[in-house]
Amino acid sequence: MSAAAVMRNEGRILRRDPVPAIVLVAMPIVLMTLLAPALALALAAEGRSGTSGGDQAVPGMISVFTFFGVAFVGFALFREHGWRTWPRLRAVGLTPRQLLAGKVALPAAMLVAQHVVLFAYGTAFLDLTVTGSWAALVLVSLALIAMVVALGLLAAAALQTIQQLNAVTNLGAMVLGGLGGGFVPVSTLPGWVQPLAPASPAYWAMRGYRAVILDGGGPAEVALPVGIMVAVAVVAAALAVVALRDDAPKRTWG
Amino acid sequence: MTGTGLELTGVTKAYGARTAVDGVDLAVAPGHVLALLGPNGAGKTTLVGVGSGQLAPDAGSVRVAGTDPRGNGGADRRLVGVAPQDIGVYPVLSVLDNLRFFAEATGRSVADARRRAVEVAGPLLLADLLDRRAGQLSGGQQRRLHAAIALVHQPPVVMLDEPTAGADPQTRAALLDVVHAVAAEGAAVLYTTHYLPEVEALDADVALLEAGRIIATGSVAELVARHAEPVLLAEVAGPAADLPWPVGTIIGGSTARVAGPDPDRLLPDVLDRLGPHRDRLTRVEVVRPSLEAVYLALTGRRDAEPGGVAATPDAEPVPGARS
C-alpha cells in the first residue's frame, strides 16, 4: 500500500518534469538513426552482408541508453535528500522494502517503455529484423532492465554524492556501453580491448540481442547472457540492501 | 487520537565522543503540549530524532502510544507526526499533492488522503494554495505546509522542531492555533522553540534542556515560582546608596534593584521605606517574573559552572531571576 503511494508520488513528480524521460527515448532515436548507415558497413565487415545497420544500431543504443536508468533510480533516492524529504519518508514509517519497491517501479516501467518505443522505431524506420524469437528478445530486455535497476539501487546505496552518481552513470553508459559493443561490434574494437569486453554488463546484453536479431536464436541461445545479467542483478540488489543505511547522509545540491 | 503519549526513559545518544543527550526522562501525556527549550546545541533536535524513532538511542527506551517507534520494521514511526527543523517538501509538487502523498504513505486510501489533505490545509491557511507548487510558496507558506505534512495522518504524537523559526506573525499565530487544536483533539505534542512567548501562549509544560540534560521541568507558573521572582528597578536623583532601601537591595550608582515575592507589594513597600526621600525617585519599573527570566537564570547559572562557558564578571543581573 505504502509502496504504491511512493510509486504514485514518483509518477506525479515525473509528470511535473518529463524532460529526462523524453531524452531517454529521443536521444537514442537520434543516434541510432545517424549511426545506422555506418553500422551496416561494420556488420558487413564482420561478414554479415545483407543486414541493416539497424540490426546493430538499435540494440546497441538500447544497451547504452538503458544504463542511464542507473541515474533515474539513483536520483529518485538522492533527490529526497536534496529536498530534505528523506527524514519525512522515514518518519511516516515506510520500511526500506516499501521505499525501494516504490522507487524502482517507475524507472523500471520507463525503461520497459523505452525498449518498446526503440524496438518499434527500429523496426519501422531502420529495417531492424528480428530473425529469432521475440520471446527471447523480451527476456534479454527484461534481464537488462533488471540489472540496470539493481545497479541503480546499488549506486544510490553506496555513493555519497550526486556528482558520484552522475560519474558512475556516465561511465556505465558510455565507457562500459562502448566496451560491451554498444556503439560498434566488439569484433571491430582494438584487439587488446576485445578480451576485456565481457567485463562490461553491456556486453552480455549485446550478446543476447545479437543472438536473437542476427543469428536467429531463441530462449536457449540467450540463456547464458540472460543468466549472467540476472545474476548481476541479484548480487547488486543484495549488496544494495546491505549497503543502504536509511540514516546515511547524502550530499546533493541542498 | 488515542494512546499513552510519548515516554522517554533514560535516553542517551552520542555522536562519537560527544554525548548529545544524556539520560533524559521525558513524558508528554495525550492532550498536552510540552515545550522543549534550550540553547543551540543543547540536544533538542537529537531528542526529537530519538523520540520519533529516526535515531536509535544508545541507552534508554522510547515509547510512543505504548510502542517502540523503531519496532515493526520502522513502520510504527508513523505514530509520530514530525516536522523536522529544516523544511522538507516536494518543491515540484502542488501543496495538495504534497499533503496527500504523506497521507497515502501512512496507509490512507487515495480518496481519504485527498479529503484529509484539504481538511488539514484550512487551519494552516493553505486552502487557497492547494494547486500551487510548493516551490512557489513564500517561506512562511512553506513552513505551514511543512507543519501540515506532520499532521496530515492524524498521529497520536506530534513533534514540531522549531516550527516557527523565521516565520511571520500570521504563520506563527496559525501554527499556535493548530497546535492548540491538535492537543485538544488528544495528541501529545512535543514543541521545541526559542520563542519563549509561544510557550506561554500555548500554556505548555516546559522541559529545559542544556548540554544534553534536563535541568528543569514544570508548568510555566511552577518554574517561575521556583526560579524567578519579581523585582523593582528604581532610578533616583543622586547616589542610591544614600537611601534606606529594603534589605538585600542591589545598588549600582543611581539605580537600585529590589526583589520580593509579591509584585503588587514591591512599590508600596519601597515607598514606605524611602519615606520623605521618595521624591528623589526619577523612574520606577516593576518587572514581573517570566519564563525568559527563568530560562536565562538557569542557563546562565549553568554557564558559570566549571567546564561551562565563563560568565561575564560584570554582567548585568537578569531582571526577575532569582540569584
# chains A, B, ... in the order shown; residues from 1 in each chain; ligands from 1
>>> closest_atom_pairs(of="chain B", to="chain A", cutoff="7 Å", atoms="only C-alpha atoms", output="Markdown table")
| residue | atom | partner | partner_atom | distance |
| --- | --- | --- | --- | --- |
| B:Gln54 | CA | A:Ala91 | CA | 6.8 |
| B:Gly73 | CA | A:Thr95 | CA | 6.1 |
| B:Gly74 | CA | A:Gly93 | CA | 5.4 |
| B:Ala75 | CA | A:Gly93 | CA | 3.9 |
| B:Asp76 | CA | A:Gly93 | CA | 5.8 |
| B:Arg77 | CA | A:Gly93 | CA | 4.6 |
| B:Arg78 | CA | A:Val92 | CA | 4.3 |
| B:Val82 | CA | A:Ala91 | CA | 6.8 |
| B:Ile87 | CA | A:Arg84 | CA | 6.9 |
| B:Gly88 | CA | A:Arg84 | CA | 4.5 |
| B:Val89 | CA | A:Thr85 | CA | 5.9 |
| B:Tyr90 | CA | A:Trp83 | CA | 6.4 |
| B:Val92 | CA | A:Arg16 | CA | 6.6 |
| B:Leu93 | CA | A:Ile13 | CA | 6.6 |
| B:Phe101 | CA | A:Asn9 | CA | 6.4 |
| B:Glu104 | CA | A:Ala5 | CA | 5.6 |
| B:Ala105 | CA | A:Ser2 | CA | 4.7 |
| B:Thr106 | CA | A:Val92 | CA | 5.9 |
| B:Gly107 | CA | A:Ser2 | CA | 6.0 |
>>> select_by_dssp(residues="region 156-300 of chain B", states="helix (DSSP H, G or I)", output="ChimeraX atom specification")
/B:169-184,196-202,220-227,240-242,263-280,291-300
>>> select_by_dssp(residues="region 15-128 of chain B", states="strand (DSSP E)", output="list in words")
Tyr15, Arg18, Thr19, Ala20, Val21, Asp22, Gly23, Val24, Asp25, Leu26, Ala27, Val28, Val33, Leu34, Ala35, Leu36, Leu37, Ala59, Gly60, Ser61, Val62, Arg63, Val64, Val80, Gly81, Val82 and Ala83 of chain B
>>> atom_distance(atom1="CA of Ala181 (chain B)", atom2="CA of Glu7 (chain B)")
21.5 Å
>>> residues_around(residues="Leu130 (chain B)", least_positions_apart="3", cutoff="6 Å", atoms="only C-alpha atoms", output="PyMOL selection string")
chain B and resi 95-96+127
>>> atom_distance(atom1="CA of Pro289 (chain B)", atom2="CA of Ser254 (chain B)")
23.1 Å
>>> closest_residue(among="A:Gly132, A:Gly208, A:Gly11, A:Gly60", to="Val184 (chain A)", atoms="only C-alpha atoms")
A:Gly60
>>> residues_around(residues="region 136-146 of chain A", least_positions_apart="6", cutoff="10 Å", atoms="only C-alpha atoms", output="PyMOL selection string")
chain A and resi 59+62-63+66-67+69-70+104+107-112+115-116+130+152+201-202+204-213+217-223+225-234+237
>>> residues_around(residues="Val30 (chain A)", least_positions_apart="3", cutoff="12 Å", atoms="only C-alpha atoms", output="ChimeraX atom specification")
/A:23-27,33-36,57-58,61,65,118,121-122,125-126
>>> residues_around(residues="Ser200 (chain A)", least_positions_apart="6", cutoff="8 Å", atoms="only C-alpha atoms", output="PDB file with C-alpha atoms, in the first residue's frame")
ATOM      1  CA  LEU A 176      31.141   0.222 -20.481  1.00  0.00           C
ATOM      2  CA  GLY A 177      28.476   0.532 -23.185  1.00  0.00           C
ATOM      3  CA  LEU A 179      33.388  -1.610 -24.349  1.00  0.00           C
ATOM      4  CA  GLY A 180      30.476  -4.025 -24.477  1.00  0.00           C
TER       5      GLY A 180
END
>>> residues_around(residues="region 111-116 of chain B", least_positions_apart="4", cutoff="7 Å", atoms="only C-alpha atoms", output="list in words")
Arg100, Ala103, Glu104, Val120 and Val152 of chain B
>>> write_last_selection(atoms="N, CA and C atoms", output="PDB file, in the first residue's frame")
ATOM      1  N   ARG B 100      -1.318  14.978   0.200  1.00  0.00           N
ATOM      2  CA  ARG B 100      -1.987  13.688   0.025  1.00  0.00           C
ATOM      3  C   ARG B 100      -0.987  12.544  -0.098  1.00  0.00           C
ATOM      4  N   ALA B 103      -0.207  11.499   3.379  1.00  0.00           N
ATOM      5  CA  ALA B 103      -1.357  10.793   3.948  1.00  0.00           C
ATOM      6  C   ALA B 103      -1.452   9.386   3.365  1.00  0.00           C
ATOM      7  N   GLU B 104      -1.248   9.263   2.047  1.00  0.00           N
ATOM      8  CA  GLU B 104      -1.289   7.940   1.408  1.00  0.00           C
ATOM      9  C   GLU B 104      -0.170   7.042   1.945  1.00  0.00           C
ATOM     10  N   VAL B 120      -6.698  19.433   6.507  1.00  0.00           N
ATOM     11  CA  VAL B 120      -5.590  19.970   7.306  1.00  0.00           C
ATOM     12  C   VAL B 120      -5.089  21.294   6.742  1.00  0.00           C
ATOM     13  N   VAL B 152      -0.963  15.521   8.822  1.00  0.00           N
ATOM     14  CA  VAL B 152      -1.979  15.088   7.861  1.00  0.00           C
ATOM     15  C   VAL B 152      -2.508  13.682   8.149  1.00  0.00           C
TER      16      VAL B 152
END
>>> closest_residue(among="B:Asp58, B:Glu162, B:Glu185, B:Asp177", to="Lys13 (chain B)", atoms="only C-alpha atoms")
B:Asp58
>>> atom_distance(atom1="CA of Leu190 (chain B)", atom2="CA of Leu34 (chain B)")
5.0 Å
